[in-house]
$ cat target32.tsv   # TSV, C-alpha atoms
chain	number	residue	atom	x	y	z
A	193	MET	CA	-22.28	33.10	-121.91
A	194	ILE	CA	-24.08	30.03	-120.59
A	195	ASP	CA	-27.74	29.27	-120.03
A	196	GLU	CA	-29.65	28.62	-116.84
A	197	GLN	CA	-29.35	24.84	-117.09
A	198	GLU	CA	-25.57	25.01	-117.37
A	199	VAL	CA	-25.41	27.26	-114.32
A	200	LEU	CA	-27.38	24.72	-112.29
A	201	THR	CA	-25.12	21.91	-113.53
A	202	LYS	CA	-22.02	23.86	-112.52
A	203	ILE	CA	-23.32	24.94	-109.10
A	204	THR	CA	-25.23	21.97	-107.78
A	205	SER	CA	-26.00	23.45	-104.36
A	206	VAL	CA	-28.28	26.06	-105.96
A	207	SER	CA	-31.77	24.94	-106.98
A	208	ALA	CA	-33.66	26.17	-110.02
A	209	VAL	CA	-36.27	27.78	-107.77
A	210	GLN	CA	-33.63	29.54	-105.72
A	211	LEU	CA	-31.92	30.91	-108.82
A	212	ARG	CA	-35.28	32.18	-110.07
A	213	ILE	CA	-35.88	33.96	-106.77
A	214	TRP	CA	-32.45	35.59	-106.89
A	215	ILE	CA	-33.14	36.79	-110.43
A	216	THR	CA	-36.57	38.12	-109.43
A	217	LYS	CA	-35.00	40.00	-106.54
A	218	GLU	CA	-32.37	41.29	-108.98
A	219	TRP	CA	-29.56	39.91	-106.88
A	220	VAL	CA	-28.45	38.20	-110.08
A	221	ARG	CA	-28.96	40.12	-113.31
A	222	PRO	CA	-28.41	37.86	-116.31
A	223	ALA	CA	-28.54	39.28	-119.81
A	224	GLN	CA	-31.44	38.77	-122.17
A	225	SER	CA	-30.65	36.90	-125.37
A	226	GLY	CA	-33.76	36.63	-127.50
A	227	ALA	CA	-36.30	34.79	-125.37
A	228	ALA	CA	-33.66	33.20	-123.13
A	229	ILE	CA	-31.53	34.55	-120.31
A	230	VAL	CA	-27.78	34.00	-120.37
A	231	PHE	CA	-25.14	34.25	-117.67
A	232	GLY	CA	-21.62	35.60	-117.91
A	233	GLU	CA	-18.59	34.79	-115.77
A	234	ALA	CA	-19.40	37.64	-113.38
A	235	ASP	CA	-22.97	36.34	-112.96
A	236	LEU	CA	-21.64	32.87	-112.23
A	237	ALA	CA	-19.21	34.20	-109.62
A	238	ARG	CA	-22.01	36.24	-108.06
A	239	ILE	CA	-24.24	33.15	-107.89
A	240	ARG	CA	-21.40	31.35	-106.06
A	241	LEU	CA	-21.19	34.27	-103.65
A	242	LEU	CA	-24.96	34.12	-103.06
A	243	ASP	CA	-24.74	30.35	-102.59
A	244	MET	CA	-22.10	30.95	-99.92
A	245	LEU	CA	-24.10	33.67	-98.15
A	246	ASP	CA	-27.52	32.05	-98.38
A	247	ASN	CA	-26.89	28.30	-98.31
A	248	GLN	CA	-23.66	27.95	-96.36
A	249	LEU	CA	-23.26	30.90	-94.02
A	250	GLY	CA	-26.98	31.10	-93.23
A	251	VAL	CA	-27.12	34.84	-93.81
A	252	GLY	CA	-30.83	35.67	-93.74
A	253	SER	CA	-32.53	36.87	-96.91
A	254	GLU	CA	-33.18	40.20	-95.17
A	255	ALA	CA	-29.45	40.83	-94.83
A	256	ILE	CA	-28.39	39.69	-98.29
A	257	PRO	CA	-29.49	42.79	-100.25
A	258	ILE	CA	-27.72	44.97	-97.68
A	259	ILE	CA	-24.52	42.98	-98.06
A	260	LEU	CA	-24.78	43.01	-101.87
A	261	SER	CA	-25.37	46.74	-101.95
A	262	LEU	CA	-22.34	47.37	-99.75
A	263	ILE	CA	-20.19	45.00	-101.82
A	264	ASP	CA	-21.29	46.76	-105.02
A	265	GLN	CA	-20.48	50.14	-103.51
A	266	VAL	CA	-17.06	48.94	-102.37
A	267	HIS	CA	-16.29	47.77	-105.89
A	268	ASP	CA	-17.43	51.05	-107.39
A	269	LEU	CA	-15.15	52.89	-105.00
A	270	ARG	CA	-12.28	50.56	-105.79
A	271	GLU	CA	-12.82	51.05	-109.50
A	272	GLN	CA	-12.87	54.82	-109.07
A	273	THR	CA	-9.74	54.72	-106.96
A	274	ARG	CA	-8.10	52.69	-109.73
A	275	ILE	CA	-9.10	55.32	-112.31
A	276	ILE	CA	-7.67	58.13	-110.20
A	277	SER	CA	-4.57	56.11	-109.42
A	278	ARG	CA	-3.92	55.38	-113.11
A	279	ALA	CA	-4.42	59.07	-113.91
A	280	ILE	CA	-1.89	60.06	-111.26
A	281	ASP	CA	0.57	57.39	-112.46
A	282	ALA	CA	0.40	58.82	-115.97
A	283	GLN	CA	1.69	62.20	-114.73
A	284	PRO	CA	5.33	63.31	-114.90
A	285	ALA	CA	7.41	62.53	-111.81
A	286	ASP	CA	7.34	66.07	-110.38
A	287	ILE	CA	3.53	66.24	-110.48
A	288	ARG	CA	3.26	62.75	-108.97
A	289	SER	CA	5.47	63.76	-106.07
A	290	LYS	CA	3.46	66.97	-105.58
A	291	ILE	CA	0.23	64.98	-105.37
A	292	LEU	CA	1.87	62.52	-102.99
A	293	GLN	CA	3.15	65.39	-100.86
A	294	ALA	CA	-0.31	66.99	-100.71
A	295	ALA	CA	-1.91	63.69	-99.76
A	296	LEU	CA	0.59	63.09	-96.97
A	297	GLU	CA	0.09	66.59	-95.58
A	298	ASN	CA	-3.64	66.10	-95.57
A	299	ASP	CA	-3.32	62.90	-93.57
B	96	MET	CA	-1.69	21.40	-94.85
B	97	GLU	CA	-2.04	22.04	-91.16
B	98	ASP	CA	-4.29	20.09	-88.83
B	99	PRO	CA	-7.87	20.94	-89.94
B	100	TYR	CA	-9.09	20.95	-86.32
B	101	LYS	CA	-6.53	23.60	-85.51
B	102	ILE	CA	-7.45	25.65	-88.56
B	103	LEU	CA	-11.10	25.76	-87.52
B	104	GLY	CA	-10.14	26.24	-83.86
B	105	VAL	CA	-12.17	23.30	-82.58
B	106	SER	CA	-11.24	20.29	-80.47
B	107	LYS	CA	-11.02	16.73	-81.79
B	108	ASN	CA	-14.29	15.80	-80.12
B	109	ALA	CA	-16.24	18.85	-81.25
B	110	SER	CA	-19.77	18.08	-82.45
B	111	ASP	CA	-20.71	18.43	-86.12
B	112	ASP	CA	-22.70	21.53	-85.16
B	113	ASP	CA	-19.71	23.12	-83.43
B	114	ILE	CA	-17.60	22.53	-86.52
B	115	LYS	CA	-20.23	24.07	-88.77
B	116	LYS	CA	-20.55	27.03	-86.45
B	117	ALA	CA	-16.78	27.58	-86.30
B	118	TYR	CA	-16.57	27.37	-90.10
B	119	ARG	CA	-19.40	29.85	-90.56
B	120	GLU	CA	-17.83	32.33	-88.16
B	121	LEU	CA	-14.48	32.14	-89.93
B	122	ALA	CA	-16.03	32.26	-93.41
B	123	LYS	CA	-18.01	35.37	-92.52
B	124	LYS	CA	-14.77	37.00	-91.43
B	125	LEU	CA	-12.49	35.73	-94.18
B	126	HIS	CA	-14.55	35.18	-97.35
B	127	PRO	CA	-12.63	36.92	-100.17
B	128	ASP	CA	-15.74	38.66	-101.46
B	129	LEU	CA	-16.28	40.21	-98.05
B	130	ASN	CA	-12.62	41.31	-97.96
B	131	PRO	CA	-11.89	42.33	-101.54
B	132	SER	CA	-8.58	44.02	-100.78
B	133	ASP	CA	-7.17	41.57	-98.24
B	134	LYS	CA	-4.92	38.94	-99.83
B	135	GLY	CA	-4.17	37.39	-96.44
B	136	ALA	CA	-7.84	36.77	-95.79
B	137	GLU	CA	-8.09	34.93	-99.09
B	138	GLU	CA	-5.22	32.61	-98.17
B	139	ARG	CA	-6.69	31.88	-94.78
B	140	PHE	CA	-10.14	31.31	-96.25
B	141	LYS	CA	-8.67	28.71	-98.59
B	142	GLU	CA	-7.29	26.83	-95.59
B	143	VAL	CA	-10.52	27.16	-93.66
B	144	SER	CA	-12.67	25.85	-96.50
B	145	GLY	CA	-10.20	23.02	-97.10
B	146	ALA	CA	-10.45	22.07	-93.43
B	147	PHE	CA	-14.24	22.23	-93.54
B	148	ASP	CA	-14.29	20.03	-96.66
B	149	ILE	CA	-12.92	17.28	-94.46
B	150	LEU	CA	-14.50	17.97	-91.08
B	151	GLY	CA	-17.87	19.17	-92.42
B	152	LYS	CA	-18.76	15.74	-93.81
B	153	PRO	CA	-19.09	13.08	-91.09
B	154	GLU	CA	-17.80	10.20	-93.25
B	155	LYS	CA	-14.78	12.20	-94.43
B	156	ARG	CA	-14.10	13.35	-90.89
B	157	ALA	CA	-14.16	9.73	-89.70
B	158	GLN	CA	-11.73	8.74	-92.49
B	159	PHE	CA	-9.43	11.55	-91.46
B	160	ASP	CA	-9.65	10.61	-87.79
B	161	ARG	CA	-8.71	7.03	-88.68
B	162	GLY	CA	-5.76	8.34	-90.67
B	163	GLU	CA	-7.10	7.03	-93.98
B	164	ILE	CA	-6.88	10.43	-95.67
B	165	ASP	CA	-4.60	13.32	-94.90
B	166	ALA	CA	-5.40	16.98	-94.66
B	167	SER	CA	-4.35	17.76	-98.22
B	168	GLY	CA	-6.77	15.27	-99.72
B	169	ALA	CA	-9.66	17.67	-99.95
B	170	GLU	CA	-8.62	20.75	-101.83
B	171	ARG	CA	-11.68	22.11	-103.52
B	172	PRO	CA	-11.64	23.16	-107.17
B	173	GLU	CA	-10.47	26.70	-107.66
B	174	HIS	CA	-13.26	29.12	-108.43
B	175	ARG	CA	-12.76	32.72	-109.24
B	176	TYR	CA	-14.40	34.98	-106.71
B	177	TYR	CA	-16.89	37.66	-107.56
B	178	LYS	CA	-14.42	40.40	-106.63
B	179	GLU	CA	-12.29	39.43	-109.62
B	180	TYR	CA	-15.06	40.49	-111.98
B	181	ALA	CA	-16.61	43.36	-110.06
B	182	GLY	CA	-15.87	46.82	-111.38
B	183	ALA	CA	-15.00	45.43	-114.80
B	184	ASP	CA	-17.13	45.56	-117.92
B	185	GLY	CA	-18.55	42.07	-117.41
B	186	ALA	CA	-20.13	43.14	-114.12
B	187	ARG	CA	-21.56	46.46	-115.23
B	188	GLN	CA	-25.07	45.26	-114.37
B	189	TYR	CA	-24.10	45.27	-110.69
B	190	GLN	CA	-22.80	48.80	-110.44
B	191	SER	CA	-24.40	50.62	-107.55
B	192	ASP	CA	-26.47	53.77	-107.93
B	193	ALA	CA	-24.33	55.66	-105.46
B	194	SER	CA	-22.84	58.89	-106.81
B	195	PHE	CA	-19.99	59.62	-104.38
B	196	GLU	CA	-20.63	63.30	-104.96
B	197	ASP	CA	-20.19	63.84	-101.24
B	198	LEU	CA	-16.48	63.08	-101.64
B	199	GLY	CA	-16.14	66.43	-103.36
B	200	GLY	CA	-13.28	67.74	-105.50
B	201	VAL	CA	-11.92	65.54	-108.20
B	202	PHE	CA	-14.24	62.65	-107.28
B	203	SER	CA	-17.26	64.86	-107.68
B	204	ASP	CA	-15.96	66.22	-111.01
B	205	LEU	CA	-15.30	62.75	-112.32
B	206	PHE	CA	-18.06	60.67	-110.85
B	207	GLY	CA	-20.82	63.07	-109.77
B	208	HIS	CA	-24.12	63.00	-111.61
B	209	GLY	CA	-24.60	65.14	-114.69
B	210	GLN	CA	-20.99	66.25	-114.72
B	211	ALA	CA	-19.21	66.56	-118.03
B	212	GLY	CA	-16.41	64.11	-118.61
B	213	ARG	CA	-17.43	61.48	-116.12
B	214	PRO	CA	-16.49	57.99	-117.17
B	215	ARG	CA	-19.19	56.29	-119.19
B	216	GLN	CA	-19.75	53.46	-116.72
B	217	PHE	CA	-21.19	55.88	-114.17
B	218	LYS	CA	-24.72	55.61	-115.31
B	219	MET	CA	-27.64	55.77	-112.93
B	220	ARG	CA	-30.86	53.86	-112.79
B	221	GLY	CA	-33.98	56.02	-113.09
B	222	GLY	CA	-36.14	56.64	-110.04
B	223	ASP	CA	-39.12	54.50	-109.08
B	224	ILE	CA	-42.56	56.05	-109.28
B	225	ARG	CA	-45.56	55.16	-107.13
B	226	TYR	CA	-49.15	55.20	-108.30
B	227	HIS	CA	-52.49	54.44	-106.67
B	228	LEU	CA	-55.20	52.48	-108.40
B	229	ALA	CA	-58.72	52.19	-106.96
B	230	VAL	CA	-60.29	48.82	-107.77
B	231	ASP	CA	-63.85	47.63	-107.14
B	232	PHE	CA	-64.19	44.93	-104.51
B	233	LEU	CA	-65.34	42.26	-106.96
B	234	ASP	CA	-62.66	43.16	-109.53
B	235	ALA	CA	-60.07	42.67	-106.81
B	236	VAL	CA	-61.55	39.28	-105.97
B	237	THR	CA	-61.79	37.94	-109.51
B	238	GLY	CA	-58.91	39.86	-111.11
B	239	ALA	CA	-59.27	42.45	-113.83
B	240	THR	CA	-57.38	44.54	-116.32
B	241	LYS	CA	-57.29	48.28	-115.56
B	242	ARG	CA	-55.92	51.10	-117.64
B	243	VAL	CA	-53.52	53.40	-115.81
B	244	THR	CA	-52.15	56.71	-117.08
B	245	LEU	CA	-48.45	57.04	-116.30
B	246	HIS	CA	-46.46	60.17	-115.41
B	247	ASP	CA	-45.42	60.74	-119.03
B	248	GLY	CA	-49.02	60.69	-120.27
B	249	SER	CA	-48.82	57.20	-121.74
B	250	THR	CA	-51.34	54.58	-120.69
B	251	ILE	CA	-50.73	51.00	-119.73
B	252	ASP	CA	-53.07	48.08	-119.08
B	253	VAL	CA	-52.33	46.72	-115.63
B	254	LYS	CA	-53.32	43.15	-114.85
B	255	VAL	CA	-54.84	43.20	-111.38
B	256	PRO	CA	-54.22	39.66	-110.16
B	257	GLU	CA	-57.04	37.51	-108.81
B	258	GLY	CA	-57.40	37.92	-105.06
B	259	VAL	CA	-55.32	41.09	-104.81
B	260	LYS	CA	-55.40	42.57	-101.31
B	261	ASP	CA	-56.03	46.14	-100.25
B	262	HIS	CA	-52.74	48.13	-100.27
B	263	GLN	CA	-50.96	45.38	-102.20
B	264	THR	CA	-48.39	46.73	-104.64
B	265	ILE	CA	-47.92	45.66	-108.24
B	266	ARG	CA	-44.52	46.28	-109.77
B	267	LEU	CA	-44.19	47.26	-113.41
B	268	ALA	CA	-40.54	46.75	-114.31
B	269	ALA	CA	-38.85	49.60	-116.20
B	270	LYS	CA	-41.96	51.82	-116.21
B	271	GLY	CA	-40.49	54.41	-113.84
B	272	GLN	CA	-38.28	57.41	-114.54
B	273	PRO	CA	-35.81	57.01	-117.41
B	274	GLY	CA	-32.22	56.25	-116.46
B	275	VAL	CA	-29.36	58.74	-116.52
B	276	GLY	CA	-26.30	58.29	-118.72
B	277	GLY	CA	-27.63	55.15	-120.35
B	278	GLY	CA	-28.71	53.61	-117.05
B	279	PRO	CA	-31.83	51.44	-116.91
B	280	PRO	CA	-35.20	53.04	-116.16
B	281	GLY	CA	-36.69	52.70	-112.67
B	282	ASP	CA	-39.81	50.72	-111.88
B	283	ALA	CA	-43.40	51.80	-111.40
B	284	PHE	CA	-45.13	50.59	-108.26
B	285	ILE	CA	-48.90	50.57	-108.28
B	286	GLU	CA	-50.60	50.40	-104.92
B	287	ILE	CA	-54.05	48.90	-105.08
B	288	ASP	CA	-56.85	50.47	-103.06
B	289	VAL	CA	-59.79	48.09	-102.89
B	290	ARG	CA	-63.16	49.84	-102.61
B	291	ALA	CA	-65.59	48.63	-99.95
B	292	HIS	CA	-68.59	46.51	-101.01
B	293	PRO	CA	-72.09	47.05	-99.56
B	294	ILE	CA	-72.56	43.34	-98.75
B	295	PHE	CA	-69.23	41.53	-98.83
B	296	ARG	CA	-66.27	42.03	-96.50
B	297	ARG	CA	-62.93	40.32	-96.76
B	298	GLU	CA	-60.99	38.70	-93.93
B	299	ALA	CA	-57.78	37.15	-95.28
B	300	ASP	CA	-59.05	34.71	-97.93
B	301	ASP	CA	-62.57	34.49	-96.51
B	302	ILE	CA	-65.54	36.50	-97.64
B	303	VAL	CA	-67.80	37.52	-94.75
B	304	VAL	CA	-71.45	38.53	-95.10
B	305	ASP	CA	-74.15	39.33	-92.58
B	306	LEU	CA	-77.11	37.17	-93.56
B	307	PRO	CA	-80.53	38.35	-92.36
B	308	ILE	CA	-83.03	35.56	-91.57
B	309	THR	CA	-86.61	35.61	-90.27
B	310	ILE	CA	-87.65	34.25	-86.89
B	311	ASP	CA	-89.47	31.35	-88.50
B	312	GLU	CA	-86.38	30.45	-90.57
B	313	ALA	CA	-84.33	30.60	-87.37
B	314	ILE	CA	-86.73	28.37	-85.43
B	315	LEU	CA	-87.88	25.94	-88.10
B	316	GLY	CA	-84.85	25.91	-90.38
B	317	ALA	CA	-84.96	26.75	-94.11
B	318	LYS	CA	-83.22	26.72	-97.43
B	319	VAL	CA	-82.30	30.27	-98.49
B	320	ASP	CA	-80.57	31.87	-101.46
B	321	VAL	CA	-77.27	33.52	-100.51
B	322	PRO	CA	-75.22	35.86	-102.70
B	323	THR	CA	-71.57	34.87	-103.16
B	324	ILE	CA	-68.84	36.54	-105.16
B	325	ASP	CA	-69.71	34.59	-108.30
B	326	LYS	CA	-73.34	33.49	-108.09
B	327	ARG	CA	-76.20	32.88	-105.69
B	328	VAL	CA	-76.09	29.55	-103.93
B	329	ARG	CA	-78.68	27.70	-101.89
B	330	MET	CA	-77.78	27.21	-98.26
B	331	THR	CA	-79.50	25.32	-95.47
B	332	ILE	CA	-80.24	27.19	-92.26
B	333	PRO	CA	-80.41	24.52	-89.58
B	334	LYS	CA	-83.38	24.32	-87.26
B	335	GLY	CA	-82.88	26.45	-84.14
B	336	SER	CA	-80.24	28.89	-85.41
B	337	SER	CA	-79.33	31.97	-83.38
B	338	SER	CA	-78.03	35.37	-84.38
B	339	ASP	CA	-74.21	35.55	-84.79
B	340	GLN	CA	-74.00	31.86	-85.56
B	341	THR	CA	-71.71	31.42	-88.58
B	342	LEU	CA	-72.39	29.13	-91.51
B	343	ARG	CA	-69.54	28.34	-93.85
B	344	LEU	CA	-69.74	27.94	-97.62
B	345	LYS	CA	-66.57	26.00	-98.43
B	346	GLY	CA	-64.45	27.30	-101.29
B	347	LYS	CA	-66.62	30.33	-101.96
B	348	GLY	CA	-63.98	32.77	-100.78
B	349	VAL	CA	-61.00	34.40	-102.45
B	350	LYS	CA	-58.24	32.48	-104.23
B	351	ASN	CA	-54.96	32.83	-102.39
B	352	SER	CA	-52.32	33.94	-104.87
B	353	THR	CA	-49.55	31.96	-103.14
B	354	THR	CA	-51.25	28.67	-102.33
B	355	GLY	CA	-53.88	28.80	-105.09
B	356	ARG	CA	-56.46	27.58	-102.56
B	357	LYS	CA	-59.77	29.33	-102.17
B	358	GLY	CA	-61.03	30.64	-98.86
B	359	ASP	CA	-64.62	30.19	-97.63
B	360	GLN	CA	-67.61	32.44	-97.41
B	361	ARG	CA	-68.72	32.90	-93.83
B	362	CYS	CA	-72.38	33.87	-93.35
B	363	ILE	CA	-73.10	35.45	-89.99
B	364	LEU	CA	-76.77	34.94	-89.21
B	365	LYS	CA	-78.82	37.95	-88.07
B	366	ILE	CA	-82.39	37.27	-86.95
B	367	VAL	CA	-84.62	40.06	-88.18
B	368	LEU	CA	-88.12	40.52	-86.77
B	369	PRO	CA	-91.04	41.44	-89.04
B	370	LYS	CA	-91.57	45.18	-89.43
B	371	GLU	CA	-94.83	44.97	-87.49
B	372	ILE	CA	-95.57	42.60	-84.64
B	373	ASP	CA	-99.08	41.39	-85.34
B	374	GLY	CA	-101.54	40.24	-82.72
B	375	GLU	CA	-101.17	36.57	-83.62
B	376	LEU	CA	-97.40	36.56	-83.06
B	377	GLU	CA	-97.75	38.52	-79.86
B	378	SER	CA	-100.39	36.28	-78.30
B	379	SER	CA	-98.61	33.08	-79.29
B	380	MET	CA	-95.41	34.38	-77.68
B	381	GLU	CA	-97.24	35.27	-74.52
B	382	LYS	CA	-98.69	31.80	-74.34
B	383	TRP	CA	-95.35	30.16	-75.11
B	384	ARG	CA	-93.59	32.19	-72.43
B	385	GLU	CA	-95.90	30.99	-69.66
B	386	THR	CA	-94.51	27.48	-69.90
B	387	HIS	CA	-91.11	27.84	-71.64
B	388	ALA	CA	-89.42	30.90	-70.19
B	389	TYR	CA	-85.56	30.78	-70.52
B	390	ASN	CA	-82.75	33.11	-69.57
B	391	PRO	CA	-79.93	33.53	-72.16
B	392	ARG	CA	-78.19	35.98	-69.78
B	393	GLU	CA	-77.71	33.64	-66.83
B	394	LYS	CA	-74.00	33.14	-67.58
B	395	MET	CA	-73.37	36.90	-67.45
B	396	GLY	CA	-73.43	36.74	-63.63
B	397	GLY	CA	-74.39	39.47	-61.19
B	398	GLY	CA	-73.19	43.06	-61.25
B	399	GLN	CA	-74.37	46.58	-61.54
$ encode --input "target32.tsv" --output "structure tokens"
Amino acid sequence: MIDEQEVLTKITSVSAVQLRIWITKEWVRPAQSGAAIVFGEADLARIRLLDMLDNQLGVGSEAIPIILSLIDQVHDLREQTRIISRAIDAQPADIRSKILQAALEND
Amino acid sequence: MEDPYKILGVSKNASDDDIKKAYRELAKKLHPDLNPSDKGAEERFKEVSGAFDILGKPEKRAQFDRGEIDASGAERPEHRYYKEYAGADGARQYQSDASFEDLGGVFSDLFGHGQAGRPRQFKMRGGDIRYHLAVDFLDAVTGATKRVTLHDGSTIDVKVPEGVKDHQTIRLAAKGQPGVGGGPPGDAFIEIDVRAHPIFRREADDIVVDLPITIDEAILGAKVDVPTIDKRVRMTIPKGSSSDQTLRLKGKGVKNSTTGRKGDQRCILKIVLPKEIDGELESSMEKWRETHAYNPREKMGGGQ
């Protein structure tokens, strides 16, 4: 976990004001640690993504929450698919092939 | 590395703007976080951003054109993309509220709301709740603290900010419906309804009042007391003022919450005749008219 100042030192193209705005809009959701806010690796990567969208690709601030929401939904779906996939993988071979068969027929 | 011009698909004499545009178009298509399951896009994006590292900076581009640096000289430091964290525990705060119940079957059993046995990370944020709060005109102008009773019967003191506008919404974080499955609560949104004032009106940051004056004040000029939102101030009515003329009291308006600057108070003059027209006024007007008649309607032109 790193603090706000460290984030700004690591990602120089993002200003303190901009980071504050992103936090206010809840595009970035750092954790609370006592009176301070701290950022994890995922927060840092998300700030880099926002920097790319906002500062480099010129995606308007109207479009950013839409993009973020879709990205978050995609990741939820991917995570759920992973859960299902692991559950299927854990089955004996005959059940796995039955599931596979059913999926292919449905296609 | 390949020729950076070729990677971005621009010609050697492309303008800086063209290069930026080409890079943006490619980055929008190829950025790994916009293509989380496409490994090929990630590879291509790496090339594209490497090419832009050279061509996007005029001095570097000139060095490259002169052959002083080669295309591999500008690899940017490796950063891990957001997609590598998403879905994992470290990014739980970014999970969406979507339920995927519409997928039915096993998805609905596992990930639908309120279903037994769904994985613990599928928590949902509580709903937002809207409230209305009626505020007196002057409280809205100067700011005030108002007590609001929430849906669960609890009360909360809401700080109405100075200069709040009619229909403006105040957000109270985490004061909405409680979350589901350990999710965070929603927010409360309080819409402010500003009550009308018998004297003052508001136009953006200005306060507007109709200011009645007598005919002698209009003709001879005067100093009059005028109510403002904080106290009465003395204002000079210039000699020869007409109805609908506007006098401005600088800085006597509402403080703008963004700029911090105060608006003005605009006083719109309204000439009011005495309740009874006495003989003296009448005869002096008759006499005055004989030699000073004027027509304020001459610019209105002819017509029916």
$ interface_residues --input "target32.tsv" --of "chain A" --to "chain B" --cutoff "10 Å" --atoms "all atoms listed in the file" --output "MDAnalysis selection string"
chainID A and resid 218:223 232:242 244:245 248:251 259:276
$ residues_near_point --input "target32.tsv" --point "(-81.4, 23.7, -93.1)" --cutoff "12 Å" --atoms "all atoms listed in the file" --output "VMD selection string"
chain B and resid 312 to 320 329 to 336 342
$ residues_around --input "target32.tsv" --residues "Gly222 of chain B" --least-positions-apart "2" --cutoff "7 Å" --atoms "only C-alpha atoms" --output "compact mmCIF listing (two decimals) with C-alpha atoms, in the frame of the given file"
# COMPACT_ATOMS: atom_id res chain seq x y z
CA ARG B 220 -30.86 53.86 -112.79
CA ILE B 224 -42.56 56.05 -109.28
CA GLY B 271 -40.49 54.41 -113.84
CA GLN B 272 -38.28 57.41 -114.54
CA GLY B 281 -36.69 52.70 -112.67
$ atom_distance --input "target32.tsv" --atom1 "atom CA of Ile251 of chain B" --atom2 "atom CA of Ile287 of chain B"
15.2 Å
$ atom_distance --input "target32.tsv" --atom1 "atom CA of Thr240 of chain B" --atom2 "atom CA of Lys254 of chain B"
4.5 Å
$ atom_distance --input "target32.tsv" --atom1 "atom CA of Met193 of chain A" --atom2 "atom CA of Gly278 of chain B"
22.0 Å
